[in-house]
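Chemist: Take a look at entry.csv, CSV, C-alpha atoms and all ligand atoms:
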```csv
chain,number,residue,atom,x,y,z
A,899,MET,CA,-15.2,11.6,-13.4
A,900,LEU,CA,-13.7,8.9,-11.2
A,901,GLN,CA,-12.7,10.0,-7.7
A,902,VAL,CA,-10.7,8.0,-5.0
A,903,VAL,CA,-11.9,8.7,-1.5
A,904,PRO,CA,-10.2,7.5,1.7
A,905,VAL,CA,-12.7,5.9,4.1
A,906,LYS,CA,-11.0,5.4,7.5
A,907,ALA,CA,-11.1,2.1,9.3
A,908,PHE,CA,-9.6,0.9,12.5
A,909,LYS,CA,-6.8,3.1,13.8
A,910,ASP,CA,-4.8,3.8,10.7
A,911,ASN,CA,-6.3,1.8,7.7
A,912,TYR,CA,-7.8,3.3,4.6
A,913,ILE,CA,-10.5,1.7,2.6
A,914,TRP,CA,-9.9,3.4,-0.7
A,915,THR,CA,-13.3,4.0,-2.4
A,916,LEU,CA,-13.4,4.5,-6.1
A,917,ARG,CA,-16.6,6.4,-7.1
A,918,ASP,CA,-18.4,8.5,-9.6
A,919,ALA,CA,-21.8,10.2,-8.9
A,920,ARG,CA,-23.7,6.8,-8.6
A,921,HIS,CA,-21.4,3.8,-8.3
A,922,ALA,CA,-18.5,2.8,-6.1
A,923,ALA,CA,-15.9,0.1,-5.6
A,924,VAL,CA,-14.0,-0.4,-2.4
A,925,VAL,CA,-10.4,-1.6,-1.9
A,926,ASP,CA,-9.5,-3.7,1.2
A,927,PRO,CA,-12.5,-3.2,3.4
A,928,GLY,CA,-11.1,-4.6,6.7
A,929,GLU,CA,-14.3,-3.3,8.4
A,930,ALA,CA,-17.8,-3.2,7.0
A,931,ALA,CA,-19.4,-0.4,8.9
A,932,PRO,CA,-17.3,2.6,7.7
A,933,ALA,CA,-17.7,1.4,4.1
A,934,LEU,CA,-21.4,0.7,4.4
A,935,ASP,CA,-22.0,4.1,6.1
A,936,TYR,CA,-20.1,5.9,3.4
A,937,LEU,CA,-22.1,4.2,0.6
A,938,ALA,CA,-25.4,4.9,2.3
A,939,ARG,CA,-24.6,8.5,3.1
A,940,GLU,CA,-23.5,9.2,-0.4
A,941,ASN,CA,-26.3,7.1,-2.0
A,942,LEU,CA,-23.8,5.0,-4.0
A,943,LYS,CA,-24.4,1.6,-5.5
A,944,LEU,CA,-21.5,-0.7,-4.7
A,945,VAL,CA,-20.3,-2.6,-7.8
A,946,ALA,CA,-17.1,-4.4,-6.8
A,947,VAL,CA,-14.8,-5.2,-3.9
A,948,LEU,CA,-11.0,-5.5,-4.5
A,949,ALA,CA,-8.7,-7.1,-2.0
A,950,THR,CA,-4.9,-7.0,-2.1
A,951,HIS,CA,-4.1,-9.7,0.4
A,952,HIS,CA,-5.7,-11.9,3.1
A,953,HIS,CA,-5.0,-10.1,6.3
A,954,PRO,CA,-8.1,-9.5,8.3
A,955,ASP,CA,-7.6,-5.7,8.5
A,956,HIS,CA,-8.0,-5.7,4.7
A,957,VAL,CA,-10.7,-8.4,4.1
A,958,GLY,CA,-12.5,-8.7,7.5
A,959,GLY,CA,-15.5,-6.6,6.4
A,960,ILE,CA,-16.2,-8.3,3.1
A,961,ALA,CA,-18.7,-10.9,4.4
A,962,GLU,CA,-20.8,-8.2,6.0
A,963,ILE,CA,-20.7,-5.9,3.0
A,964,LEU,CA,-21.9,-8.8,0.8
A,965,ARG,CA,-25.0,-9.2,3.0
A,966,HIS,CA,-26.0,-5.7,1.8
A,967,HIS,CA,-24.5,-5.6,-1.7
A,968,ARG,CA,-24.2,-8.7,-4.0
A,969,VAL,CA,-21.0,-7.8,-6.0
A,970,PRO,CA,-18.0,-9.5,-7.3
A,971,VAL,CA,-15.0,-9.8,-4.9
A,972,TYR,CA,-11.6,-9.7,-6.6
A,973,GLY,CA,-8.5,-10.8,-4.8
A,974,PRO,CA,-5.3,-12.9,-5.0
A,975,LYS,CA,-5.6,-16.5,-6.0
A,976,HIS,CA,-3.4,-18.7,-3.7
A,977,GLU,CA,-4.4,-16.8,-0.6
A,978,PRO,CA,-7.1,-18.0,1.9
A,979,ILE,CA,-9.9,-15.4,1.4
A,980,GLU,CA,-13.3,-17.2,1.9
A,981,THR,CA,-15.3,-14.3,0.4
A,982,LEU,CA,-13.4,-14.2,-2.9
A,983,THR,CA,-15.5,-14.8,-6.0
A,984,ARG,CA,-13.0,-13.7,-8.7
A,985,ALA,CA,-9.5,-15.0,-8.0
A,986,VAL,CA,-6.9,-13.1,-10.0
A,987,GLY,CA,-3.1,-13.0,-10.4
A,988,GLY,CA,-0.3,-11.2,-12.2
A,989,GLY,CA,-1.2,-10.5,-15.9
A,990,ASP,CA,-5.0,-10.5,-15.3
A,991,LYS,CA,-7.1,-7.5,-15.8
A,992,VAL,CA,-10.0,-6.3,-13.6
A,993,GLU,CA,-12.7,-4.3,-15.3
A,994,ILE,CA,-15.3,-2.3,-13.5
A,995,PRO,CA,-17.5,-1.2,-16.4
A,996,GLU,CA,-19.9,0.9,-14.2
A,997,LEU,CA,-17.0,3.1,-13.2
A,998,GLY,CA,-15.2,2.9,-16.6
A,999,ALA,CA,-12.2,1.6,-14.7
A,1000,GLU,CA,-9.7,-1.1,-15.7
A,1001,PHE,CA,-6.8,-2.4,-13.7
A,1002,ASP,CA,-3.8,-4.6,-14.4
A,1003,VAL,CA,-3.1,-7.1,-11.6
A,1004,LEU,CA,0.5,-7.2,-10.5
A,1005,ASP,CA,2.0,-10.0,-8.4
A,1006,ILE,CA,3.9,-8.5,-5.5
A,1007,PRO,CA,4.7,-11.3,-3.0
A,1008,GLY,CA,6.7,-10.7,0.2
A,1009,HIS,CA,4.3,-9.2,2.9
A,1010,THR,CA,2.1,-12.2,2.2
A,1011,ARG,CA,2.9,-15.0,-0.2
A,1012,ALA,CA,0.5,-14.0,-3.1
A,1013,HIS,CA,-0.1,-10.3,-2.4
A,1014,ILE,CA,-1.3,-8.4,-5.5
A,1015,ALA,CA,-1.6,-4.8,-6.6
A,1016,TYR,CA,-4.1,-3.1,-8.9
A,1017,TYR,CA,-2.7,-0.6,-11.3
A,1018,GLY,CA,-4.8,1.5,-13.7
A,1019,GLY,CA,-5.7,5.1,-14.7
A,1020,GLY,CA,-2.5,6.3,-13.1
A,1021,ALA,CA,-3.3,4.9,-9.7
A,1022,LEU,CA,-1.7,2.1,-7.8
A,1023,PHE,CA,-3.5,0.2,-5.0
A,1024,CYS,CA,-0.7,-1.7,-3.3
A,1025,GLY,CA,-2.0,-2.8,0.1
A,1026,ASP,CA,0.8,-3.5,2.6
A,1027,THR,CA,3.7,-3.8,0.2
A,1028,LEU,CA,4.8,-0.2,-0.7
A,1029,PHE,CA,3.9,2.3,2.0
A,1030,ALA,CA,4.5,6.1,1.9
A,1031,CYS,CA,8.2,6.3,2.8
A,1032,GLY,CA,8.3,2.7,3.9
A,1033,CYS,CA,7.2,-0.9,3.1
A,1034,GLY,CA,5.3,-3.7,4.7
A,1035,ARG,CA,6.8,-6.3,7.0
A,1036,VAL,CA,8.0,-9.5,5.3
A,1037,PHE,CA,5.7,-12.1,6.9
A,1038,GLU,CA,5.2,-14.9,4.4
A,1039,GLY,CA,7.8,-14.3,1.6
A,1040,THR,CA,11.5,-13.6,1.6
A,1041,PRO,CA,13.4,-10.2,1.6
A,1042,GLU,CA,14.5,-11.1,-1.9
A,1043,GLN,CA,10.9,-11.4,-3.0
A,1044,MET,CA,9.9,-8.2,-1.3
A,1045,HIS,CA,12.8,-6.4,-2.9
A,1046,ALA,CA,11.8,-7.7,-6.3
A,1047,SER,CA,8.1,-6.7,-5.7
A,1048,LEU,CA,9.1,-3.2,-4.7
A,1049,SER,CA,11.4,-2.9,-7.7
A,1050,LYS,CA,8.5,-3.9,-10.0
A,1051,LEU,CA,6.4,-1.1,-8.5
A,1052,ALA,CA,9.2,1.4,-8.8
A,1053,SER,CA,9.4,0.7,-12.5
A,1054,LEU,CA,5.9,2.3,-13.0
A,1055,PRO,CA,5.8,6.0,-14.1
A,1056,ASP,CA,6.9,8.6,-11.5
A,1057,GLU,CA,3.5,10.4,-11.6
A,1058,THR,CA,1.7,7.2,-10.5
A,1059,LEU,CA,-0.5,7.9,-7.5
A,1060,VAL,CA,0.3,5.5,-4.6
A,1061,TYR,CA,-2.7,4.4,-2.5
A,1062,CYS,CA,-1.4,2.1,0.2
A,1063,GLY,CA,-3.3,0.5,3.1
A,1064,HIS,CA,-2.1,2.5,6.1
A,1065,GLU,CA,-1.4,6.0,7.4
A,1066,TYR,CA,2.2,5.3,8.6
A,1067,THR,CA,3.9,8.1,6.8
A,1068,LEU,CA,5.3,10.3,9.6
A,1069,ALA,CA,6.7,7.3,11.5
A,1070,ASN,CA,8.2,6.0,8.3
A,1071,ILE,CA,9.8,9.4,7.6
A,1072,GLY,CA,11.4,9.2,11.0
A,1073,PHE,CA,13.1,5.9,10.1
A,1074,ALA,CA,14.0,7.1,6.6
A,1075,LYS,CA,15.9,10.1,8.2
A,1076,ALA,CA,17.9,7.7,10.4
A,1077,VAL,CA,18.9,5.8,7.2
A,1078,GLU,CA,19.6,8.8,5.1
A,1079,PRO,CA,20.2,11.8,7.3
A,1080,GLY,CA,21.6,13.9,4.4
A,1081,ASN,CA,18.5,13.5,2.1
A,1082,THR,CA,17.0,17.0,2.0
A,1083,ALA,CA,13.9,15.7,0.1
A,1084,LEU,CA,13.0,13.9,3.4
A,1085,ASP,CA,12.9,17.1,5.3
A,1086,LYS,CA,10.6,18.7,2.8
A,1087,ARG,CA,8.4,15.7,2.8
A,1088,GLU,CA,8.2,15.6,6.6
A,1089,GLU,CA,7.2,19.3,6.7
A,1090,ARG,CA,4.5,18.8,4.1
A,1091,ASP,CA,3.1,15.6,5.6
A,1092,ARG,CA,3.2,16.9,9.1
A,1093,LYS,CA,1.0,19.9,8.1
A,1094,LEU,CA,-1.4,17.5,6.4
A,1095,ARG,CA,-1.7,15.4,9.5
A,1096,GLU,CA,-2.1,18.4,11.7
A,1097,ALA,CA,-5.0,19.5,9.4
A,1098,GLY,CA,-6.5,16.0,9.9
A,1099,LYS,CA,-5.8,15.0,6.3
A,1100,PRO,CA,-4.3,11.8,4.9
A,1101,THR,CA,-0.7,12.0,3.6
A,1102,LEU,CA,-1.9,9.8,0.7
A,1103,PRO,CA,-1.8,9.3,-2.1
A,1104,SER,CA,1.9,10.0,-2.6
A,1105,THR,CA,3.5,9.6,-6.0
A,1106,LEU,CA,6.1,7.1,-7.1
A,1107,GLY,CA,8.4,10.0,-7.8
A,1108,ASP,CA,8.1,11.0,-4.1
A,1109,GLU,CA,8.8,7.5,-3.1
A,1110,LYS,CA,11.9,7.1,-5.3
A,1111,ALA,CA,13.2,10.4,-3.8
A,1112,THR,CA,12.6,9.5,-0.2
A,1113,ASN,CA,11.6,5.9,0.5
A,1114,PRO,CA,14.7,4.1,1.8
A,1115,PHE,CA,13.3,0.7,0.6
A,1116,LEU,CA,13.3,2.0,-3.0
A,1117,ARG,CA,16.8,3.5,-2.5
A,1118,VAL,CA,18.8,0.4,-1.7
A,1119,ALA,CA,21.3,1.1,-4.5
A,1120,GLN,CA,22.1,4.6,-3.1
A,1121,PRO,CA,25.6,4.9,-1.5
A,1122,ALA,CA,24.2,6.6,1.6
A,1123,VAL,CA,21.7,3.8,2.1
A,1124,ILE,CA,24.3,1.1,1.5
A,1125,GLU,CA,26.6,2.8,4.0
A,1126,SER,CA,23.9,3.0,6.7
A,1127,ALA,CA,22.9,-0.7,6.1
A,1128,ASN,CA,26.5,-1.7,6.5
A,1129,LYS,CA,26.8,0.4,9.7
A,1130,TYR,CA,23.7,-1.3,11.1
A,1131,LEU,CA,25.1,-4.8,10.2
A,1132,GLY,CA,28.6,-3.8,11.5
A,1133,ALA,CA,27.1,-3.1,14.8
A,1134,ARG,CA,25.7,-6.6,14.7
A,1135,GLY,CA,28.9,-8.2,13.7
A,1136,LYS,CA,28.4,-8.9,10.0
A,1137,GLY,CA,30.6,-8.1,7.1
A,1138,PRO,CA,30.0,-5.3,4.5
A,1139,LEU,CA,27.4,-5.8,1.7
A,1140,MET,CA,26.5,-4.1,-1.5
A,1141,HIS,CA,23.8,-6.3,-3.2
A,1142,PRO,CA,20.5,-4.3,-3.3
A,1143,ALA,CA,18.5,-7.3,-2.0
A,1144,ALA,CA,20.9,-7.7,0.9
A,1145,VAL,CA,20.8,-4.0,1.7
A,1146,PHE,CA,17.0,-4.2,1.6
A,1147,ALA,CA,17.0,-7.1,4.0
A,1148,ALA,CA,19.3,-5.2,6.4
A,1149,ILE,CA,17.3,-2.1,6.5
A,1150,ARG,CA,14.0,-4.0,6.8
A,1151,ASP,CA,15.5,-5.8,9.8
A,1152,TRP,CA,16.6,-2.5,11.2
A,1153,LYS,CA,13.1,-1.0,10.8
A,1154,ASN,CA,11.6,-3.9,12.7
A,1155,LYS,CA,13.7,-3.0,15.7
A,1156,PHE,CA,13.6,0.8,15.2
B,1,ZN,ZN,-1.1,-6.9,5.8
```
Is it possible to give me this structure as C-alpha cells?
Ligand SMILES: [Zn+2]
Modeler:
Amino acid sequence: MLQVVPVKAFKDNYIWTLRDARHAAVVDPGEAAPALDYLARENLKLVAVLATHHHPDHVGGIAEILRHHRVPVYGPKHEPIETLTRAVGGGDKVEIPELGAEFDVLDIPGHTRAHIAYYGGGALFCGDTLFACGCGRVFEGTPEQMHASLSKLASLPDETLVYCGHEYTLANIGFAKAVEPGNTALDKREERDRKLREAGKPTLPSTLGDEKATNPFLRVAQPAVIESANKYLGARGKGPLMHPAAVFAAIRDWKNKF
C-alpha cells in the first residue's frame, strides 16, 4: 500500500515522500538532511527523486542525496537542474516499479518556464504552481501561461489529492476572503485548516474539489471574483475586464501586494 508522507524542510516546504514498507521516492528535496534522516529512520531504500522545477528550495538537496543513494532523478527538460538524469516533459510517463507507481507528466509553465507536475494514482504533485487556496508567483512565464496551467490542473477529477510544495494555506485563505468575502466555503475551510495547524498538522493534501470551491485563482470566471478584480484595477486607474486570464493577472498582482 502506497503512502504519501510529508517530510518538512526549511520553514514551510514539504518533501513529499512516497513509500511502502521498504521503498521510497521523494518529490522536490530542497534539503538533503530531512529526507536522508527520514529514509534512515524508517529503513527505506530510496528508488527515485522527482523534481517539479529548478528552484533551489526544491532541488538543492538532490546532489547530497545522490551521494548516499544512486537513483534516477526525474525533472523538467528545459530547466537548469544539474543533477537531472531523466529529463521529462508533458506527455511522458514516469514509472517507479518498486512502488508500483506510474505518473503522467504535465507541462504547467508560469512559475518557472518549464515547471511540470506528476499526476497518478489520484495524486497530483504540482510544486509551486497550484497551492492550497492559492498559486505560485509568476516568475518566468506570463500570467496567461499560468492561467492556462492552472486550468489544465483544474480539469483533473475533483477527488484528486493536491500535494503542493509549501504550507501557505492559512495566509492564502486570508487573501481569498478579501477576493470573495461572500464565499462561505472559505469560512469552513479556514476553520478546518486552522485546527489542523493548531494541532501541528499539514493542511495538505487538499482536493481539487476544495480548490475549485475556494481557490480564487481557479475561480476567475466567478462574478464575485471578476467584480473584485475590477475593483482592484479600478483603484489603480484601469478599465473593467472580464476575460479569465486578465482577471487572473489582476488578482495575482493584487496578491503580490497583499
Ligand atoms: Zn518555486
Chemist: For A:Ala949, please output as an mmCIF file with C-alpha atoms, in the frame of the given file all residues within 6 Å (counting only C-alpha atoms; exclusion window: fewer than 6 positions along the same chain).
Modeler:
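The result, stored in around.cif:
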```cif
data_model
loop_
_atom_site.group_PDB
_atom_site.id
_atom_site.type_symbol
_atom_site.label_atom_id
_atom_site.label_comp_id
_atom_site.auth_asym_id
_atom_site.auth_seq_id
_atom_site.Cartn_x
_atom_site.Cartn_y
_atom_site.Cartn_z
ATOM 1 C CA VAL A 925 -10.400 -1.600 -1.900
ATOM 2 C CA ASP A 926 -9.500 -3.700 1.200
ATOM 3 C CA GLY A 973 -8.500 -10.800 -4.800
#
```
Chemist: Which one is closest to ligand ZN 1 (chain B): A:Pro978, A:Gly1018, A:Gly1025, A:Gly988? Count only C-alpha atoms and all ligand atoms.
Modeler: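 Distance minimum relative to ligand ZN 1 (chain B) lands on A:Gly1025.
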Chemist: Would you list the residues near (-17.2, 7.3, -6.8), meaning any protein, DNA or RNA residue with an atom at most 8 Å from that point in file coordinates, counting only C-alpha atoms, as a list in words?
Modeler: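 Here the neighbourhood of the point contains Leu900, Gln901, Val902, Val903, Thr915, Leu916, Arg917, Asp918, Ala919, Arg920, His921, Ala922, Ala923, Leu942 and Leu997 of chain A.
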Chemist: I'd like the neighbourhood of A:Val1145 as a PyMOL selection string, where a residue qualifies if any of its atoms comes within 6 Å (using only C-alpha atoms), though same-chain residues fewer than 3 positions away should be ignored.
Modeler: chain A and resi 1118+1127+1142+1148
Chemist: Write out as an MDAnalysis selection string which residues come within 8 Å of A:Phe1001 when counting all atoms listed in the file, dropping same-chain ones fewer than 5 positions away.
Modeler: chainID A and resid 991:993 1016:1019
Chemist: Hey, can you check how far atom CA of A:Ala1015 sits from atom CA of A:Val986?
Modeler: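 Going from atom CA of A:Ala1015 over to atom CA of A:Val986 covers 10.4 Å.
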